[in-house]
Amino acid sequence: MSFIDYYELLEISPNANSETVERVFRYLARRFHPDNQATGDRDRFDLVLEAFDILRDAAKRAQYDAEYRSHSSTVLQLAVEANDFDCAGGDADMQARLLALFYVRRRREVFNPGLGEFEIAQMMGCPPERLDFHLWYLKEKRWIARMEDGTFAITADGVDQAGAEQQAMASRKLIVDRST
């Protein structure tokens, strides 16, 4: 089950006192109650009840706050990583390298083009879990596909993409060579 930010749901600060929690709960409960013809929302009402049940009880709230701090730390790490402008460029480079690897494998072994995740990680010099995002992306773009034996192989669209990337790289190299 994914983490639900009850403070965000109730639109209150994590430092809100019990009176504030109760006041906001009553307001939102009236607003989202299923009997309210104008703004009733059963799912939202149930979430508001769940949040209130946790945040009004001191012991449950303390346990939730520990979870909340852990989640907040993860969110902060995401924000730091998102602000790293090299992230997307590094990802594009990794995806291009993976595509080139799959391309070369397909050219060498047309009828046995598959590469396993562990094998790919070894060739790329990184842990398999670092590849998960990139393999997902390449699969979603339909540039690679999972074979019946569980390995991955480049598709015809992937071959076209690898060729286009190779041409773009050659063009950039020509521009740099001419300017020096």
# chains A, B, ... in the order shown; residues from 1 in each chain; ligands from 1
$ closest_atom_pairs --of "region 29-136 of chain A" --to "region 159-173 of chain A" --cutoff "9 Å" --atoms "only C-alpha atoms" --output "tab-separated table"
residue	atom	partner	partner_atom	distance
A:Ala96	CA	A:Ala162	CA	7.3
A:Leu99	CA	A:Ala162	CA	6.1
A:Ala100	CA	A:Ala162	CA	6.2
A:Phe102	CA	A:Val159	CA	8.7
A:Tyr103	CA	A:Val159	CA	6.2
A:Arg106	CA	A:Val159	CA	8.9
$ residues_around --residues "region 111-121 of chain A" --least-positions-apart "6" --cutoff "10 Å" --atoms "only C-alpha atoms" --output "list in words"
Leu98, Leu101, Phe102, Tyr103, Val104, Arg105, Pro127, Pro128, Glu129, Arg130, Leu131, Asp132, Leu135, Ile144, Ala145, Arg146, Met147, Glu148, Asp149, Gly150, Thr151, Phe152, Ala153, Ile154 and Thr155 of chain A
$ select_by_dssp --residues "region 72-150 of chain A" --states "helix (DSSP H, G or I)" --output "ChimeraX atom specification"
/A:72-82,86-108,117-124,128-140
$ atom_distance --atom1 "CA of Lys141 (chain A)" --atom2 "CA of Ala92 (chain A)"
13.1 Å
$ atom_distance --atom1 "CA of Tyr68 (chain A)" --atom2 "CA of Phe25 (chain A)"
19.0 Å
$ residues_around --residues "region 38-52 of chain A" --least-positions-apart "6" --cutoff "10 Å" --atoms "only C-alpha atoms" --output "ChimeraX atom specification"
/A:4-10,18,21-22,24-26,28-32,61
$ atom_distance --atom1 "CA of Ser70 (chain A)" --atom2 "CA of Trp136 (chain A)"
26.4 Å
$ closest_residue --among "A:Phe3, A:Met124, A:Lys139, A:Phe133" --to "Tyr64 (chain A)" --atoms "only C-alpha atoms"
A:Phe3
$ decode --residues "region 61-134 of chain A" --atoms "C-alpha atoms" --output "PDB file, in the first residue's frame"
ATOM      1  CA  ARG A  61      -0.145   9.813  15.353  1.00  0.00           C
ATOM      2  CA  ALA A  62       3.331   9.245  16.810  1.00  0.00           C
ATOM      3  CA  GLN A  63       3.677   6.048  14.778  1.00  0.00           C
ATOM      4  CA  TYR A  64       2.375   7.817  11.666  1.00  0.00           C
ATOM      5  CA  ASP A  65       4.738  10.765  12.205  1.00  0.00           C
ATOM      6  CA  ALA A  66       7.731   8.401  12.139  1.00  0.00           C
ATOM      7  CA  GLU A  67       6.487   7.047   8.806  1.00  0.00           C
ATOM      8  CA  TYR A  68       5.807  10.602   7.631  1.00  0.00           C
ATOM      9  CA  ARG A  69       9.384  11.713   8.401  1.00  0.00           C
ATOM     10  CA  SER A  70      10.759   8.737   6.499  1.00  0.00           C
ATOM     11  CA  HIS A  71       8.524   9.500   3.526  1.00  0.00           C
ATOM     12  CA  SER A  72       9.426  13.192   3.676  1.00  0.00           C
ATOM     13  CA  SER A  73      13.113  12.267   3.569  1.00  0.00           C
ATOM     14  CA  THR A  74      12.517  10.195   0.441  1.00  0.00           C
ATOM     15  CA  VAL A  75      10.577  13.049  -1.164  1.00  0.00           C
ATOM     16  CA  LEU A  76      13.409  15.446  -0.314  1.00  0.00           C
ATOM     17  CA  GLN A  77      15.923  13.084  -1.954  1.00  0.00           C
ATOM     18  CA  LEU A  78      13.713  13.045  -5.069  1.00  0.00           C
ATOM     19  CA  ALA A  79      13.663  16.830  -5.109  1.00  0.00           C
ATOM     20  CA  VAL A  80      17.453  17.003  -4.815  1.00  0.00           C
ATOM     21  CA  GLU A  81      17.850  14.503  -7.641  1.00  0.00           C
ATOM     22  CA  ALA A  82      15.299  16.340  -9.797  1.00  0.00           C
ATOM     23  CA  ASN A  83      17.281  19.557  -9.342  1.00  0.00           C
ATOM     24  CA  ASP A  84      20.399  17.808 -10.626  1.00  0.00           C
ATOM     25  CA  PHE A  85      20.355  19.037 -14.214  1.00  0.00           C
ATOM     26  CA  ASP A  86      22.784  16.303 -15.300  1.00  0.00           C
ATOM     27  CA  CYS A  87      20.220  13.640 -14.345  1.00  0.00           C
ATOM     28  CA  ALA A  88      18.273  13.687 -17.613  1.00  0.00           C
ATOM     29  CA  GLY A  89      21.428  13.957 -19.698  1.00  0.00           C
ATOM     30  CA  GLY A  90      22.981  11.054 -17.820  1.00  0.00           C
ATOM     31  CA  ASP A  91      19.824   9.028 -18.330  1.00  0.00           C
ATOM     32  CA  ALA A  92      19.804   9.755 -22.064  1.00  0.00           C
ATOM     33  CA  ASP A  93      23.457   8.711 -22.266  1.00  0.00           C
ATOM     34  CA  MET A  94      22.771   5.466 -20.378  1.00  0.00           C
ATOM     35  CA  GLN A  95      19.802   4.682 -22.623  1.00  0.00           C
ATOM     36  CA  ALA A  96      21.863   5.361 -25.750  1.00  0.00           C
ATOM     37  CA  ARG A  97      24.644   3.086 -24.446  1.00  0.00           C
ATOM     38  CA  LEU A  98      22.130   0.341 -23.658  1.00  0.00           C
ATOM     39  CA  LEU A  99      20.559   0.662 -27.088  1.00  0.00           C
ATOM     40  CA  ALA A 100      24.000   0.441 -28.704  1.00  0.00           C
ATOM     41  CA  LEU A 101      24.730  -2.692 -26.650  1.00  0.00           C
ATOM     42  CA  PHE A 102      21.492  -4.332 -27.764  1.00  0.00           C
ATOM     43  CA  TYR A 103      22.158  -3.234 -31.357  1.00  0.00           C
ATOM     44  CA  VAL A 104      25.631  -4.804 -31.442  1.00  0.00           C
ATOM     45  CA  ARG A 105      24.324  -8.007 -29.858  1.00  0.00           C
ATOM     46  CA  ARG A 106      21.551  -8.267 -32.487  1.00  0.00           C
ATOM     47  CA  ARG A 107      24.044  -7.666 -35.323  1.00  0.00           C
ATOM     48  CA  ARG A 108      26.393 -10.358 -34.010  1.00  0.00           C
ATOM     49  CA  GLU A 109      23.756 -12.916 -33.104  1.00  0.00           C
ATOM     50  CA  VAL A 110      20.614 -12.265 -35.131  1.00  0.00           C
ATOM     51  CA  PHE A 111      18.848 -15.417 -33.933  1.00  0.00           C
ATOM     52  CA  ASN A 112      20.077 -15.272 -30.327  1.00  0.00           C
ATOM     53  CA  PRO A 113      19.965 -11.534 -29.527  1.00  0.00           C
ATOM     54  CA  GLY A 114      18.867 -11.681 -25.895  1.00  0.00           C
ATOM     55  CA  LEU A 115      20.799 -10.255 -22.975  1.00  0.00           C
ATOM     56  CA  GLY A 116      19.887 -10.930 -19.345  1.00  0.00           C
ATOM     57  CA  GLU A 117      19.706  -8.202 -16.709  1.00  0.00           C
ATOM     58  CA  PHE A 118      22.712  -9.493 -14.764  1.00  0.00           C
ATOM     59  CA  GLU A 119      24.730  -9.768 -17.959  1.00  0.00           C
ATOM     60  CA  ILE A 120      23.744  -6.219 -18.978  1.00  0.00           C
ATOM     61  CA  ALA A 121      24.663  -4.874 -15.538  1.00  0.00           C
ATOM     62  CA  GLN A 122      28.101  -6.474 -15.781  1.00  0.00           C
ATOM     63  CA  MET A 123      28.716  -5.022 -19.243  1.00  0.00           C
ATOM     64  CA  MET A 124      27.499  -1.567 -18.192  1.00  0.00           C
ATOM     65  CA  GLY A 125      29.444  -1.677 -14.922  1.00  0.00           C
ATOM     66  CA  CYS A 126      26.492  -0.826 -12.698  1.00  0.00           C
ATOM     67  CA  PRO A 127      24.147  -2.656 -10.323  1.00  0.00           C
ATOM     68  CA  PRO A 128      21.048  -4.282 -11.916  1.00  0.00           C
ATOM     69  CA  GLU A 129      18.656  -2.076  -9.904  1.00  0.00           C
ATOM     70  CA  ARG A 130      20.168   1.002 -11.565  1.00  0.00           C
ATOM     71  CA  LEU A 131      19.077  -0.415 -14.917  1.00  0.00           C
ATOM     72  CA  ASP A 132      15.410  -0.922 -14.012  1.00  0.00           C
ATOM     73  CA  PHE A 133      14.342   2.592 -15.045  1.00  0.00           C
ATOM     74  CA  HIS A 134      16.274   2.477 -18.298  1.00  0.00           C
TER      75      HIS A 134
END
